[in-house]
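A short worksheet on the structure shown next.
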Amino acid sequence: MKISNWEQNLAAAIMAARDKPFIWGQHDCAIWTFDLRRALTDGPDHARLWRGKYKTALGAERMMRRLGWSSYEAGARALLGEPRAYPLLAQRGDLVLGAAPEAFGICLGAKVAFAGPKGLTFAPIATLRLAWEP
């Protein structure tokens, strides 16, 4: 359930992420997205499971395997449960999983935002594979 000022938190997080450098294990797609989800819902700190525990893409893959996840999707399902039945009906503030490349992001409405090596990027909602309600 979203907190009362979630829209302000979302806007602030998008602005802050525009200038923040991508760093594996500190500010990557999974950490940014799960931290943002926590800021919108005051929910559990899921990113604590992997924050600061890898420094490369290969390290991130190894961390997922140590947690028993075969993919980003498997990890998200383990932490968040079943995704929306229809990802294209994702709402602002929903955590999303993009298709190519596989990456976590946040729904902004008609677009989704992802933190990646080239900075904060935006893609049409049609590029989603899965979406989870907060």
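Quick note on naming: the chains in the structure tokens go A, B, ... in the order shown, residues restart at 1 in each chain, and ligands are numbered from 1 in order of appearance.
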
Which residues are close to Pro83 (chain A), i.e. within 9 Å by only C-alpha atoms, leaving aside same-chain residues fewer than 3 positions away? Reply as a tab-separated table (two decimals) with all heavy atoms, in the first residue's frame.
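result.tsv written:
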```tsv
chain	number	residue	atom	x	y	z
A	76	ALA	N	12.18	-11.42	-7.98
A	76	ALA	CA	11.02	-10.54	-7.74
A	76	ALA	C	9.81	-11.35	-7.29
A	76	ALA	O	9.10	-10.94	-6.37
A	76	ALA	CB	10.69	-9.75	-9.00
A	77	ARG	N	9.58	-12.49	-7.90
A	77	ARG	CA	8.45	-13.33	-7.48
A	77	ARG	C	8.65	-13.81	-6.04
A	77	ARG	O	7.69	-13.86	-5.27
A	77	ARG	CB	8.28	-14.52	-8.42
A	77	ARG	CG	7.64	-14.16	-9.74
A	77	ARG	CD	7.54	-15.39	-10.65
A	77	ARG	NE	7.04	-15.07	-11.96
A	77	ARG	CZ	5.76	-15.10	-12.32
A	77	ARG	NH1	4.84	-15.45	-11.45
A	77	ARG	NH2	5.40	-14.80	-13.55
A	80	LEU	N	8.10	-10.43	-3.95
A	80	LEU	CA	6.88	-9.65	-4.14
A	80	LEU	C	5.64	-10.47	-4.44
A	80	LEU	O	4.54	-9.93	-4.48
A	80	LEU	CB	7.09	-8.65	-5.29
A	80	LEU	CG	8.30	-7.72	-5.16
A	80	LEU	CD1	8.48	-6.92	-6.44
A	80	LEU	CD2	8.17	-6.83	-3.95
A	86	TYR	N	-1.83	-8.48	-16.12
A	86	TYR	CA	-1.62	-7.77	-17.38
A	86	TYR	C	-0.62	-6.63	-17.14
A	86	TYR	O	-1.00	-5.55	-16.69
A	86	TYR	CB	-2.93	-7.21	-17.93
A	86	TYR	CG	-3.96	-8.30	-18.14
A	86	TYR	CD1	-4.99	-8.50	-17.23
A	86	TYR	CD2	-3.86	-9.14	-19.24
A	86	TYR	CE1	-5.91	-9.52	-17.41
A	86	TYR	CE2	-4.78	-10.16	-19.44
A	86	TYR	CZ	-5.80	-10.34	-18.52
A	86	TYR	OH	-6.70	-11.35	-18.70
A	87	PRO	N	0.68	-6.85	-17.43
A	87	PRO	CA	1.68	-5.83	-17.13
A	87	PRO	C	1.45	-4.50	-17.81
A	87	PRO	O	1.83	-3.46	-17.29
A	87	PRO	CB	3.00	-6.46	-17.57
A	87	PRO	CG	2.64	-7.67	-18.35
A	87	PRO	CD	1.25	-8.04	-18.02
A	96	VAL	N	8.54	-2.70	-11.96
A	96	VAL	CA	8.40	-3.39	-13.23
A	96	VAL	C	9.68	-4.12	-13.60
A	96	VAL	O	10.76	-3.82	-13.08
A	96	VAL	CB	8.01	-2.40	-14.37
A	96	VAL	CG1	6.69	-1.71	-14.06
A	96	VAL	CG2	9.11	-1.39	-14.61
A	130	LEU	N	6.84	-7.71	-16.90
A	130	LEU	CA	6.05	-7.97	-15.70
A	130	LEU	C	5.94	-6.69	-14.88
A	130	LEU	O	6.78	-5.80	-14.98
A	130	LEU	CB	6.72	-9.06	-14.85
A	130	LEU	CG	6.88	-10.42	-15.51
A	130	LEU	CD1	7.81	-11.30	-14.70
A	130	LEU	CD2	5.51	-11.09	-15.67
A	131	ALA	N	4.91	-6.64	-14.03
A	131	ALA	CA	4.72	-5.49	-13.13
A	131	ALA	C	4.10	-5.99	-11.83
A	131	ALA	O	3.29	-6.91	-11.83
A	131	ALA	CB	3.80	-4.45	-13.77
A	132	TRP	N	4.53	-5.37	-10.73
A	132	TRP	CA	4.01	-5.71	-9.40
A	132	TRP	C	3.41	-4.46	-8.75
A	132	TRP	O	4.03	-3.40	-8.78
A	132	TRP	CB	5.12	-6.22	-8.49
A	132	TRP	CG	5.57	-7.60	-8.82
A	132	TRP	CD1	5.14	-8.76	-8.24
A	132	TRP	CD2	6.55	-7.99	-9.78
A	132	TRP	NE1	5.78	-9.83	-8.79
A	132	TRP	CE2	6.67	-9.39	-9.74
A	132	TRP	CE3	7.35	-7.29	-10.69
A	132	TRP	CZ2	7.53	-10.09	-10.56
A	132	TRP	CZ3	8.21	-7.99	-11.50
A	132	TRP	CH2	8.29	-9.37	-11.43
A	133	GLU	N	2.26	-4.62	-8.14
A	133	GLU	CA	1.66	-3.53	-7.37
A	133	GLU	C	2.48	-3.32	-6.10
A	133	GLU	O	3.06	-4.27	-5.60
A	133	GLU	CB	0.24	-3.88	-6.99
A	133	GLU	CG	-0.69	-4.02	-8.17
A	133	GLU	CD	-2.10	-4.39	-7.75
A	133	GLU	OE1	-2.67	-3.66	-6.92
A	133	GLU	OE2	-2.60	-5.41	-8.24
```

*Quick one: pick out all strand (DSSP E or B) residues within chain A from a backbone DSSP run and write them as a PyMOL selection string.*
chain A and resi 23+27+95-98+103-107+111-116+119-124+128-132

*May I have the residues within 9 Å of region 43-54 of chain A as a VMD selection string, using only C-alpha atoms and disregarding those fewer than 5 positions away in the same chain?*
chain A and resid 1 to 2 24 to 27 30 to 35 37 to 38 59 to 60 62 to 64 67 79 134

List as a tab-separated table every residue of region 8-96 of chain A that is in contact with region 106-112 of chain A, defined as an atom at most 6 Å from one of its atoms (using only C-alpha atoms), together with the nearest atom pair and the distance in Å rounded to one decimal, sorted by chain and then rising number.
```
residue	atom	partner	partner_atom	distance
A:Arg92	CA	A:Leu108	CA	4.6
A:Gly93	CA	A:Cys107	CA	5.4
A:Asp94	CA	A:Cys107	CA	5.3
A:Leu95	CA	A:Ile106	CA	4.7
A:Val96	CA	A:Ile106	CA	5.5
```

Could you please take those selected residues and save N, CA and C atoms as a PDB file, in the first residue's frame?
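For reference, selection-v9.pdb as written:
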```
ATOM      1  N   ARG A  92       1.297   3.988 -12.053  1.00  0.00           N
ATOM      2  CA  ARG A  92       2.421   4.772 -11.531  1.00  0.00           C
ATOM      3  C   ARG A  92       2.829   4.228 -10.169  1.00  0.00           C
ATOM      4  N   GLY A  93       4.130   4.024 -10.005  1.00  0.00           N
ATOM      5  CA  GLY A  93       4.648   3.531  -8.750  1.00  0.00           C
ATOM      6  C   GLY A  93       4.808   2.028  -8.681  1.00  0.00           C
ATOM      7  N   ASP A  94       4.311   1.303  -9.686  1.00  0.00           N
ATOM      8  CA  ASP A  94       4.491  -0.154  -9.710  1.00  0.00           C
ATOM      9  C   ASP A  94       5.944  -0.491 -10.032  1.00  0.00           C
ATOM     10  N   LEU A  95       6.475  -1.506  -9.393  1.00  0.00           N
ATOM     11  CA  LEU A  95       7.783  -2.033  -9.730  1.00  0.00           C
ATOM     12  C   LEU A  95       7.611  -2.857 -11.003  1.00  0.00           C
ATOM     13  N   VAL A  96       8.537  -2.703 -11.955  1.00  0.00           N
ATOM     14  CA  VAL A  96       8.396  -3.386 -13.234  1.00  0.00           C
ATOM     15  C   VAL A  96       9.677  -4.119 -13.602  1.00  0.00           C
TER      16      VAL A  96
END
```

_What does the structure give for the distance between CA of Lys20 (chain A) and CA of Ala126 (chain A), in Å to one decimal?_
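Separation of CA of Lys20 (chain A) and CA of Ala126 (chain A): 26.1 Å.
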
Mind the document's chain letters and residue numbers, and return as a compact mmCIF listing (two decimals) with all heavy atoms, in the first residue's frame the residues of chain A that DSSP labels helix (DSSP H, G or I).
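Result saved to selection_24.txt:
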```
# COMPACT_ATOMS: atom_id res chain seq x y z
N TRP A 6 3.50 9.50 -1.56
CA TRP A 6 4.27 8.68 -2.48
C TRP A 6 4.60 9.41 -3.78
O TRP A 6 5.69 9.22 -4.34
CB TRP A 6 3.57 7.35 -2.75
CG TRP A 6 2.35 7.45 -3.61
CD1 TRP A 6 1.08 7.65 -3.18
CD2 TRP A 6 2.28 7.35 -5.03
NE1 TRP A 6 0.21 7.68 -4.25
CE2 TRP A 6 0.93 7.49 -5.40
CE3 TRP A 6 3.23 7.15 -6.03
CZ2 TRP A 6 0.50 7.45 -6.72
CZ3 TRP A 6 2.80 7.10 -7.35
CH2 TRP A 6 1.45 7.25 -7.68
N GLU A 7 3.71 10.27 -4.26
CA GLU A 7 3.96 10.95 -5.54
C GLU A 7 5.14 11.92 -5.43
O GLU A 7 5.95 12.02 -6.35
CB GLU A 7 2.70 11.68 -6.00
CG GLU A 7 1.62 10.69 -6.43
CD GLU A 7 0.30 11.37 -6.71
OE1 GLU A 7 -0.13 12.21 -5.90
OE2 GLU A 7 -0.31 11.02 -7.74
N GLN A 8 5.26 12.60 -4.29
CA GLN A 8 6.41 13.48 -4.07
C GLN A 8 7.70 12.67 -3.97
O GLN A 8 8.74 13.07 -4.50
CB GLN A 8 6.22 14.34 -2.80
CG GLN A 8 5.13 15.37 -2.91
CD GLN A 8 3.76 14.82 -2.52
OE1 GLN A 8 3.58 13.63 -2.27
NE2 GLN A 8 2.76 15.69 -2.50
N ASN A 9 7.63 11.52 -3.28
CA ASN A 9 8.81 10.66 -3.17
C ASN A 9 9.24 10.14 -4.53
O ASN A 9 10.44 10.07 -4.83
CB ASN A 9 8.53 9.49 -2.23
CG ASN A 9 8.41 9.91 -0.79
OD1 ASN A 9 8.61 11.05 -0.43
ND2 ASN A 9 8.07 8.96 0.06
N LEU A 10 8.28 9.79 -5.38
CA LEU A 10 8.59 9.30 -6.72
C LEU A 10 9.26 10.41 -7.54
O LEU A 10 10.30 10.18 -8.16
CB LEU A 10 7.31 8.81 -7.41
CG LEU A 10 7.47 8.32 -8.85
CD1 LEU A 10 8.45 7.17 -8.95
CD2 LEU A 10 6.11 7.92 -9.41
N ALA A 11 8.70 11.59 -7.52
CA ALA A 11 9.28 12.71 -8.28
C ALA A 11 10.70 13.03 -7.78
O ALA A 11 11.62 13.24 -8.59
CB ALA A 11 8.39 13.94 -8.17
N ALA A 12 10.89 13.05 -6.48
CA ALA A 12 12.21 13.34 -5.91
C ALA A 12 13.22 12.26 -6.29
O ALA A 12 14.38 12.56 -6.61
CB ALA A 12 12.11 13.47 -4.39
N ALA A 13 12.80 11.01 -6.28
CA ALA A 13 13.71 9.91 -6.63
C ALA A 13 14.11 9.96 -8.10
O ALA A 13 15.27 9.68 -8.44
CB ALA A 13 13.05 8.57 -6.32
N ILE A 14 13.19 10.33 -8.97
CA ILE A 14 13.51 10.46 -10.39
C ILE A 14 14.52 11.59 -10.59
O ILE A 14 15.52 11.43 -11.30
CB ILE A 14 12.24 10.71 -11.23
CG1 ILE A 14 11.30 9.50 -11.16
CG2 ILE A 14 12.58 11.07 -12.68
CD1 ILE A 14 11.85 8.23 -11.75
N MET A 15 14.30 12.72 -9.95
CA MET A 15 15.23 13.85 -10.07
C MET A 15 16.62 13.48 -9.54
O MET A 15 17.62 13.79 -10.17
CB MET A 15 14.68 15.08 -9.34
CG MET A 15 13.44 15.66 -9.99
SD MET A 15 13.68 16.13 -11.72
CE MET A 15 14.82 17.47 -11.55
N ALA A 16 16.68 12.83 -8.39
CA ALA A 16 17.96 12.46 -7.79
C ALA A 16 18.71 11.45 -8.65
O ALA A 16 19.94 11.51 -8.78
CB ALA A 16 17.74 11.91 -6.39
N ALA A 17 17.99 10.52 -9.24
CA ALA A 17 18.62 9.46 -10.03
C ALA A 17 19.21 9.99 -11.34
O ALA A 17 20.13 9.39 -11.89
CB ALA A 17 17.62 8.35 -10.33
N ARG A 18 18.71 11.11 -11.83
CA ARG A 18 19.24 11.69 -13.07
C ARG A 18 20.72 12.02 -12.96
O ARG A 18 21.45 11.96 -13.93
CB ARG A 18 18.46 12.93 -13.46
CG ARG A 18 17.07 12.65 -13.95
CD ARG A 18 16.36 13.96 -14.29
NE ARG A 18 14.98 13.76 -14.62
CZ ARG A 18 14.52 13.54 -15.86
NH1 ARG A 18 15.36 13.49 -16.86
NH2 ARG A 18 13.24 13.37 -16.07
N CYS A 29 20.02 -1.08 -11.19
CA CYS A 29 18.57 -1.14 -11.42
C CYS A 29 17.82 -1.77 -10.25
O CYS A 29 16.78 -1.28 -9.83
CB CYS A 29 18.24 -1.84 -12.73
SG CYS A 29 18.46 -3.64 -12.74
N ALA A 30 18.35 -2.85 -9.69
CA ALA A 30 17.64 -3.55 -8.62
C ALA A 30 17.64 -2.73 -7.33
O ALA A 30 16.59 -2.56 -6.69
CB ALA A 30 18.26 -4.92 -8.38
N ILE A 31 18.78 -2.21 -6.95
CA ILE A 31 18.84 -1.45 -5.69
C ILE A 31 18.00 -0.18 -5.80
O ILE A 31 17.22 0.13 -4.90
CB ILE A 31 20.30 -1.16 -5.31
CG1 ILE A 31 20.95 -2.48 -4.90
CG2 ILE A 31 20.38 -0.13 -4.19
CD1 ILE A 31 22.41 -2.42 -4.63
N TRP A 32 18.14 0.56 -6.90
CA TRP A 32 17.36 1.78 -7.06
C TRP A 32 15.86 1.50 -7.02
O TRP A 32 15.10 2.16 -6.32
CB TRP A 32 17.73 2.49 -8.37
CG TRP A 32 16.94 3.74 -8.59
CD1 TRP A 32 17.03 4.91 -7.89
CD2 TRP A 32 15.91 3.94 -9.56
NE1 TRP A 32 16.13 5.82 -8.38
CE2 TRP A 32 15.42 5.25 -9.40
CE3 TRP A 32 15.36 3.13 -10.54
CZ2 TRP A 32 14.42 5.78 -10.21
CZ3 TRP A 32 14.36 3.65 -11.35
CH2 TRP A 32 13.90 4.96 -11.17
N THR A 33 15.44 0.47 -7.75
CA THR A 33 14.01 0.17 -7.84
C THR A 33 13.45 -0.30 -6.50
O THR A 33 12.39 0.16 -6.07
CB THR A 33 13.75 -0.88 -8.94
OG1 THR A 33 14.25 -0.38 -10.18
CG2 THR A 33 12.28 -1.19 -9.06
N PHE A 34 14.14 -1.22 -5.83
CA PHE A 34 13.62 -1.72 -4.56
C PHE A 34 13.69 -0.66 -3.47
O PHE A 34 12.82 -0.59 -2.61
CB PHE A 34 14.33 -3.01 -4.15
CG PHE A 34 13.76 -4.22 -4.83
CD1 PHE A 34 14.23 -4.64 -6.07
CD2 PHE A 34 12.74 -4.95 -4.24
CE1 PHE A 34 13.69 -5.75 -6.71
CE2 PHE A 34 12.20 -6.07 -4.87
CZ PHE A 34 12.68 -6.46 -6.10
N ASP A 35 14.74 0.21 -3.50
CA ASP A 35 14.78 1.33 -2.55
C ASP A 35 13.63 2.29 -2.81
O ASP A 35 12.99 2.80 -1.88
CB ASP A 35 16.11 2.07 -2.63
CG ASP A 35 17.24 1.36 -1.90
OD1 ASP A 35 16.97 0.39 -1.14
OD2 ASP A 35 18.40 1.77 -2.09
N LEU A 36 13.35 2.54 -4.08
CA LEU A 36 12.25 3.44 -4.43
C LEU A 36 10.90 2.83 -4.02
O LEU A 36 10.05 3.53 -3.46
CB LEU A 36 12.26 3.74 -5.93
CG LEU A 36 11.18 4.67 -6.46
CD1 LEU A 36 11.09 5.95 -5.65
CD2 LEU A 36 11.45 4.98 -7.92
N ARG A 37 10.74 1.56 -4.23
CA ARG A 37 9.50 0.90 -3.80
C ARG A 37 9.31 1.07 -2.30
O ARG A 37 8.22 1.34 -1.82
CB ARG A 37 9.53 -0.58 -4.18
CG ARG A 37 8.24 -1.30 -3.81
CD ARG A 37 8.28 -2.74 -4.29
NE ARG A 37 7.01 -3.38 -4.06
CZ ARG A 37 6.68 -3.98 -2.92
NH1 ARG A 37 7.52 -4.02 -1.91
NH2 ARG A 37 5.50 -4.54 -2.79
N ARG A 38 10.39 0.92 -1.55
CA ARG A 38 10.32 1.10 -0.10
C ARG A 38 9.93 2.54 0.26
O ARG A 38 9.15 2.78 1.17
CB ARG A 38 11.67 0.74 0.52
CG ARG A 38 11.66 0.79 2.02
CD ARG A 38 12.98 0.27 2.55
NE ARG A 38 12.98 0.32 3.98
CZ ARG A 38 14.01 0.74 4.69
NH1 ARG A 38 15.13 1.11 4.10
NH2 ARG A 38 13.94 0.77 6.00
N ALA A 39 10.46 3.51 -0.48
CA ALA A 39 10.13 4.92 -0.22
C ALA A 39 8.67 5.24 -0.56
O ALA A 39 8.09 6.15 0.01
CB ALA A 39 11.05 5.83 -1.03
N LEU A 40 8.08 4.48 -1.48
CA LEU A 40 6.70 4.73 -1.86
C LEU A 40 5.71 4.00 -0.96
O LEU A 40 4.54 4.38 -0.88
CB LEU A 40 6.46 4.28 -3.31
CG LEU A 40 7.31 4.95 -4.39
CD1 LEU A 40 6.94 4.40 -5.76
CD2 LEU A 40 7.19 6.44 -4.35
N THR A 41 6.17 2.94 -0.31
CA THR A 41 5.25 2.11 0.47
C THR A 41 5.61 2.00 1.95
O THR A 41 4.83 1.50 2.73
CB THR A 41 5.21 0.68 -0.09
OG1 THR A 41 6.50 0.08 0.09
CG2 THR A 41 4.80 0.66 -1.55
N HIS A 46 14.00 -4.87 0.98
CA HIS A 46 14.42 -6.08 0.28
C HIS A 46 15.85 -5.96 -0.23
O HIS A 46 16.58 -6.95 -0.28
CB HIS A 46 13.50 -6.38 -0.90
CG HIS A 46 12.12 -6.79 -0.50
ND1 HIS A 46 11.86 -7.83 0.36
CD2 HIS A 46 10.90 -6.30 -0.85
CE1 HIS A 46 10.56 -7.98 0.52
NE2 HIS A 46 9.95 -7.06 -0.21
N ALA A 47 16.28 -4.76 -0.62
CA ALA A 47 17.62 -4.59 -1.20
C ALA A 47 18.73 -4.86 -0.19
O ALA A 47 19.88 -5.05 -0.58
CB ALA A 47 17.76 -3.19 -1.79
N ARG A 48 18.40 -4.92 1.08
CA ARG A 48 19.42 -5.23 2.09
C ARG A 48 20.05 -6.59 1.85
O ARG A 48 21.16 -6.85 2.26
CB ARG A 48 18.84 -5.15 3.50
CG ARG A 48 18.03 -6.37 3.89
CD ARG A 48 17.34 -6.26 5.24
NE ARG A 48 16.69 -7.46 5.66
CZ ARG A 48 15.74 -8.14 5.03
NH1 ARG A 48 15.31 -7.73 3.86
NH2 ARG A 48 15.22 -9.22 5.52
N LEU A 49 19.32 -7.47 1.15
CA LEU A 49 19.82 -8.81 0.86
C LEU A 49 21.03 -8.79 -0.06
O LEU A 49 21.86 -9.70 -0.02
CB LEU A 49 18.72 -9.67 0.21
CG LEU A 49 17.48 -9.93 1.05
CD1 LEU A 49 16.40 -10.58 0.20
CD2 LEU A 49 17.83 -10.81 2.24
N ALA A 57 28.58 -6.86 -12.92
CA ALA A 57 27.40 -7.60 -13.41
C ALA A 57 27.53 -9.08 -13.06
O ALA A 57 26.57 -9.71 -12.64
CB ALA A 57 27.26 -7.42 -14.92
N LEU A 58 28.74 -9.63 -13.20
CA LEU A 58 28.96 -11.03 -12.85
C LEU A 58 28.73 -11.25 -11.35
O LEU A 58 28.12 -12.23 -10.95
CB LEU A 58 30.37 -11.46 -13.24
CG LEU A 58 30.73 -12.91 -12.94
CD1 LEU A 58 29.78 -13.87 -13.65
CD2 LEU A 58 32.18 -13.18 -13.36
N GLY A 59 29.18 -10.29 -10.54
CA GLY A 59 28.94 -10.38 -9.10
C GLY A 59 27.46 -10.35 -8.77
O GLY A 59 27.00 -11.06 -7.86
N ALA A 60 26.69 -9.57 -9.50
CA ALA A 60 25.24 -9.52 -9.30
C ALA A 60 24.61 -10.87 -9.62
O ALA A 60 23.74 -11.35 -8.89
CB ALA A 60 24.61 -8.41 -10.15
N GLU A 61 25.05 -11.49 -10.72
CA GLU A 61 24.54 -12.81 -11.08
C GLU A 61 24.87 -13.84 -10.01
O GLU A 61 24.03 -14.66 -9.64
CB GLU A 61 25.11 -13.25 -12.42
CG GLU A 61 24.55 -12.48 -13.60
CD GLU A 61 25.18 -12.92 -14.92
OE1 GLU A 61 25.57 -14.10 -15.04
OE2 GLU A 61 25.28 -12.06 -15.81
N ARG A 62 26.10 -13.79 -9.51
CA ARG A 62 26.50 -14.72 -8.45
C ARG A 62 25.67 -14.50 -7.19
O ARG A 62 25.29 -15.46 -6.51
CB ARG A 62 27.98 -14.57 -8.15
CG ARG A 62 28.86 -15.11 -9.24
CD ARG A 62 30.32 -14.89 -8.92
NE ARG A 62 31.16 -15.46 -9.96
CZ ARG A 62 32.35 -15.00 -10.27
NH1 ARG A 62 32.88 -13.98 -9.60
NH2 ARG A 62 33.06 -15.58 -11.22
N MET A 63 25.39 -13.25 -6.86
CA MET A 63 24.59 -12.94 -5.67
C MET A 63 23.18 -13.52 -5.83
O MET A 63 22.63 -14.09 -4.89
CB MET A 63 24.54 -11.43 -5.45
CG MET A 63 23.64 -10.95 -4.35
SD MET A 63 23.91 -11.47 -2.64
CE MET A 63 25.59 -11.79 -2.44
N MET A 64 22.60 -13.38 -7.03
CA MET A 64 21.26 -13.95 -7.26
C MET A 64 21.28 -15.46 -7.05
O MET A 64 20.38 -16.01 -6.41
CB MET A 64 20.77 -13.64 -8.68
CG MET A 64 20.25 -12.24 -8.84
SD MET A 64 19.29 -11.98 -10.36
CE MET A 64 20.29 -12.69 -11.62
N ARG A 65 22.32 -16.11 -7.57
CA ARG A 65 22.40 -17.57 -7.40
C ARG A 65 22.54 -17.94 -5.92
O ARG A 65 21.94 -18.91 -5.46
CB ARG A 65 23.56 -18.14 -8.21
CG ARG A 65 23.21 -18.29 -9.69
CD ARG A 65 24.21 -19.16 -10.41
NE ARG A 65 25.56 -18.63 -10.39
CZ ARG A 65 26.08 -17.82 -11.32
NH1 ARG A 65 25.34 -17.47 -12.35
NH2 ARG A 65 27.31 -17.39 -11.23
N ARG A 66 23.33 -17.17 -5.16
CA ARG A 66 23.47 -17.44 -3.71
C ARG A 66 22.13 -17.30 -3.00
O ARG A 66 21.88 -17.97 -2.02
CB ARG A 66 24.50 -16.49 -3.09
CG ARG A 66 25.93 -16.94 -3.28
CD ARG A 66 26.87 -16.13 -2.41
NE ARG A 66 27.02 -14.77 -2.86
CZ ARG A 66 28.01 -14.33 -3.64
NH1 ARG A 66 28.95 -15.14 -4.05
NH2 ARG A 66 28.06 -13.07 -3.99
N TYR A 72 16.14 -12.39 -12.55
CA TYR A 72 15.51 -11.24 -11.89
C TYR A 72 14.05 -11.56 -11.58
O TYR A 72 13.54 -11.23 -10.52
CB TYR A 72 15.58 -10.00 -12.76
CG TYR A 72 16.93 -9.35 -12.91
CD1 TYR A 72 18.08 -9.90 -12.36
CD2 TYR A 72 17.07 -8.17 -13.61
CE1 TYR A 72 19.31 -9.28 -12.50
CE2 TYR A 72 18.29 -7.54 -13.76
CZ TYR A 72 19.41 -8.10 -13.20
OH TYR A 72 20.62 -7.49 -13.34
N GLU A 73 13.40 -12.19 -12.56
CA GLU A 73 11.99 -12.53 -12.36
C GLU A 73 11.81 -13.45 -11.16
O GLU A 73 10.90 -13.24 -10.34
CB GLU A 73 11.41 -13.20 -13.61
CG GLU A 73 9.97 -13.62 -13.44
CD GLU A 73 9.39 -14.31 -14.65
OE1 GLU A 73 9.95 -14.20 -15.76
OE2 GLU A 73 8.35 -14.97 -14.48
N ALA A 74 12.65 -14.46 -11.04
CA ALA A 74 12.54 -15.39 -9.91
C ALA A 74 12.73 -14.66 -8.58
O ALA A 74 12.01 -14.92 -7.61
CB ALA A 74 13.56 -16.52 -10.06
N GLY A 75 13.69 -13.74 -8.53
CA GLY A 75 13.91 -12.97 -7.32
C GLY A 75 12.72 -12.08 -6.98
O GLY A 75 12.29 -12.01 -5.83
N ALA A 76 12.18 -11.42 -7.98
CA ALA A 76 11.02 -10.54 -7.74
C ALA A 76 9.81 -11.35 -7.29
O ALA A 76 9.10 -10.94 -6.37
CB ALA A 76 10.69 -9.75 -9.00
N ARG A 77 9.58 -12.49 -7.90
CA ARG A 77 8.45 -13.33 -7.48
C ARG A 77 8.65 -13.81 -6.04
O ARG A 77 7.69 -13.86 -5.27
CB ARG A 77 8.28 -14.52 -8.42
CG ARG A 77 7.64 -14.16 -9.74
CD ARG A 77 7.54 -15.39 -10.65
NE ARG A 77 7.04 -15.07 -11.96
CZ ARG A 77 5.76 -15.10 -12.32
NH1 ARG A 77 4.84 -15.45 -11.45
NH2 ARG A 77 5.40 -14.80 -13.55
N ALA A 78 9.89 -14.16 -5.67
CA ALA A 78 10.17 -14.61 -4.31
C ALA A 78 9.90 -13.50 -3.29
O ALA A 78 9.39 -13.75 -2.20
CB ALA A 78 11.61 -15.09 -4.19
N LEU A 79 10.23 -12.27 -3.65
CA LEU A 79 10.08 -11.14 -2.73
C LEU A 79 8.71 -10.50 -2.77
O LEU A 79 8.20 -10.03 -1.75
CB LEU A 79 11.14 -10.08 -3.02
CG LEU A 79 12.58 -10.50 -2.79
CD1 LEU A 79 13.52 -9.43 -3.31
CD2 LEU A 79 12.84 -10.78 -1.32
N LEU A 80 8.10 -10.43 -3.95
CA LEU A 80 6.88 -9.65 -4.14
C LEU A 80 5.64 -10.47 -4.44
O LEU A 80 4.54 -9.93 -4.48
CB LEU A 80 7.09 -8.65 -5.29
CG LEU A 80 8.30 -7.72 -5.16
CD1 LEU A 80 8.48 -6.92 -6.44
CD2 LEU A 80 8.17 -6.83 -3.95
N PRO A 87 0.68 -6.85 -17.43
CA PRO A 87 1.68 -5.83 -17.13
C PRO A 87 1.45 -4.50 -17.81
O PRO A 87 1.83 -3.46 -17.29
CB PRO A 87 3.00 -6.46 -17.57
CG PRO A 87 2.64 -7.67 -18.35
CD PRO A 87 1.25 -8.04 -18.02
N LEU A 88 0.78 -4.50 -18.97
CA LEU A 88 0.54 -3.23 -19.66
C LEU A 88 -0.48 -2.37 -18.92
O LEU A 88 -0.68 -1.21 -19.28
CB LEU A 88 0.12 -3.47 -21.10
CG LEU A 88 1.19 -4.15 -21.98
CD1 LEU A 88 0.69 -4.31 -23.40
CD2 LEU A 88 2.49 -3.37 -21.95
N LEU A 89 -1.11 -2.91 -17.88
CA LEU A 89 -2.01 -2.13 -17.04
C LEU A 89 -1.30 -1.65 -15.77
O LEU A 89 -1.95 -1.24 -14.81
CB LEU A 89 -3.24 -2.96 -16.67
CG LEU A 89 -4.12 -3.38 -17.85
CD1 LEU A 89 -5.30 -4.21 -17.36
CD2 LEU A 89 -4.61 -2.16 -18.62
N ILE A 125 5.82 1.92 -21.86
CA ILE A 125 5.26 0.86 -21.02
C ILE A 125 5.13 -0.45 -21.80
O ILE A 125 5.17 -1.54 -21.21
CB ILE A 125 3.92 1.30 -20.40
CG1 ILE A 125 3.56 0.38 -19.22
CG2 ILE A 125 2.83 1.37 -21.44
CD1 ILE A 125 2.41 0.89 -18.38
N ALA A 126 5.03 -0.37 -23.11
CA ALA A 126 4.89 -1.57 -23.94
C ALA A 126 6.12 -2.48 -23.87
O ALA A 126 6.06 -3.63 -24.28
CB ALA A 126 4.63 -1.18 -25.39
N THR A 127 7.25 -1.98 -23.35
CA THR A 127 8.47 -2.78 -23.26
C THR A 127 8.51 -3.66 -22.01
O THR A 127 9.45 -4.42 -21.82
CB THR A 127 9.72 -1.89 -23.26
OG1 THR A 127 9.70 -1.06 -22.10
CG2 THR A 127 9.80 -1.04 -24.51
```

*A:Thr56, A:Phe22, A:Ser70, A:Gly81: which is nearest Leu120 (chain A), counting only C-alpha atoms?*
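So, comparing all the options, the nearest one is A:Phe22.
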
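Nearest residue to Pro124 (chain A), choosing from A:Ala90, A:Ala85, A:Ile3, A:Ile23 and counting only C-alpha atoms: A:Ala90.
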
*Of the candidates A:Asp19, A:Lys55, A:Ala103, A:Gly98, which one gets nearest to Gly116 (chain A) if we count only C-alpha atoms?*
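Among A:Asp19, A:Lys55, A:Ala103, A:Gly98, it is A:Ala103 that comes nearest to Gly116 (chain A).
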
*Which is closest to Ala115 (chain A) among A:Asp28, A:Arg129, A:Trp69, A:Pro21, if we use only C-alpha atoms?*
A:Asp28

*Which residue, A:Phe122, A:Leu128, A:Gly68, A:Ser4, has the smallest gap to Glu102 (chain A) when you use only C-alpha atoms?*
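Smallest distance to Glu102 (chain A) is found for A:Leu128.
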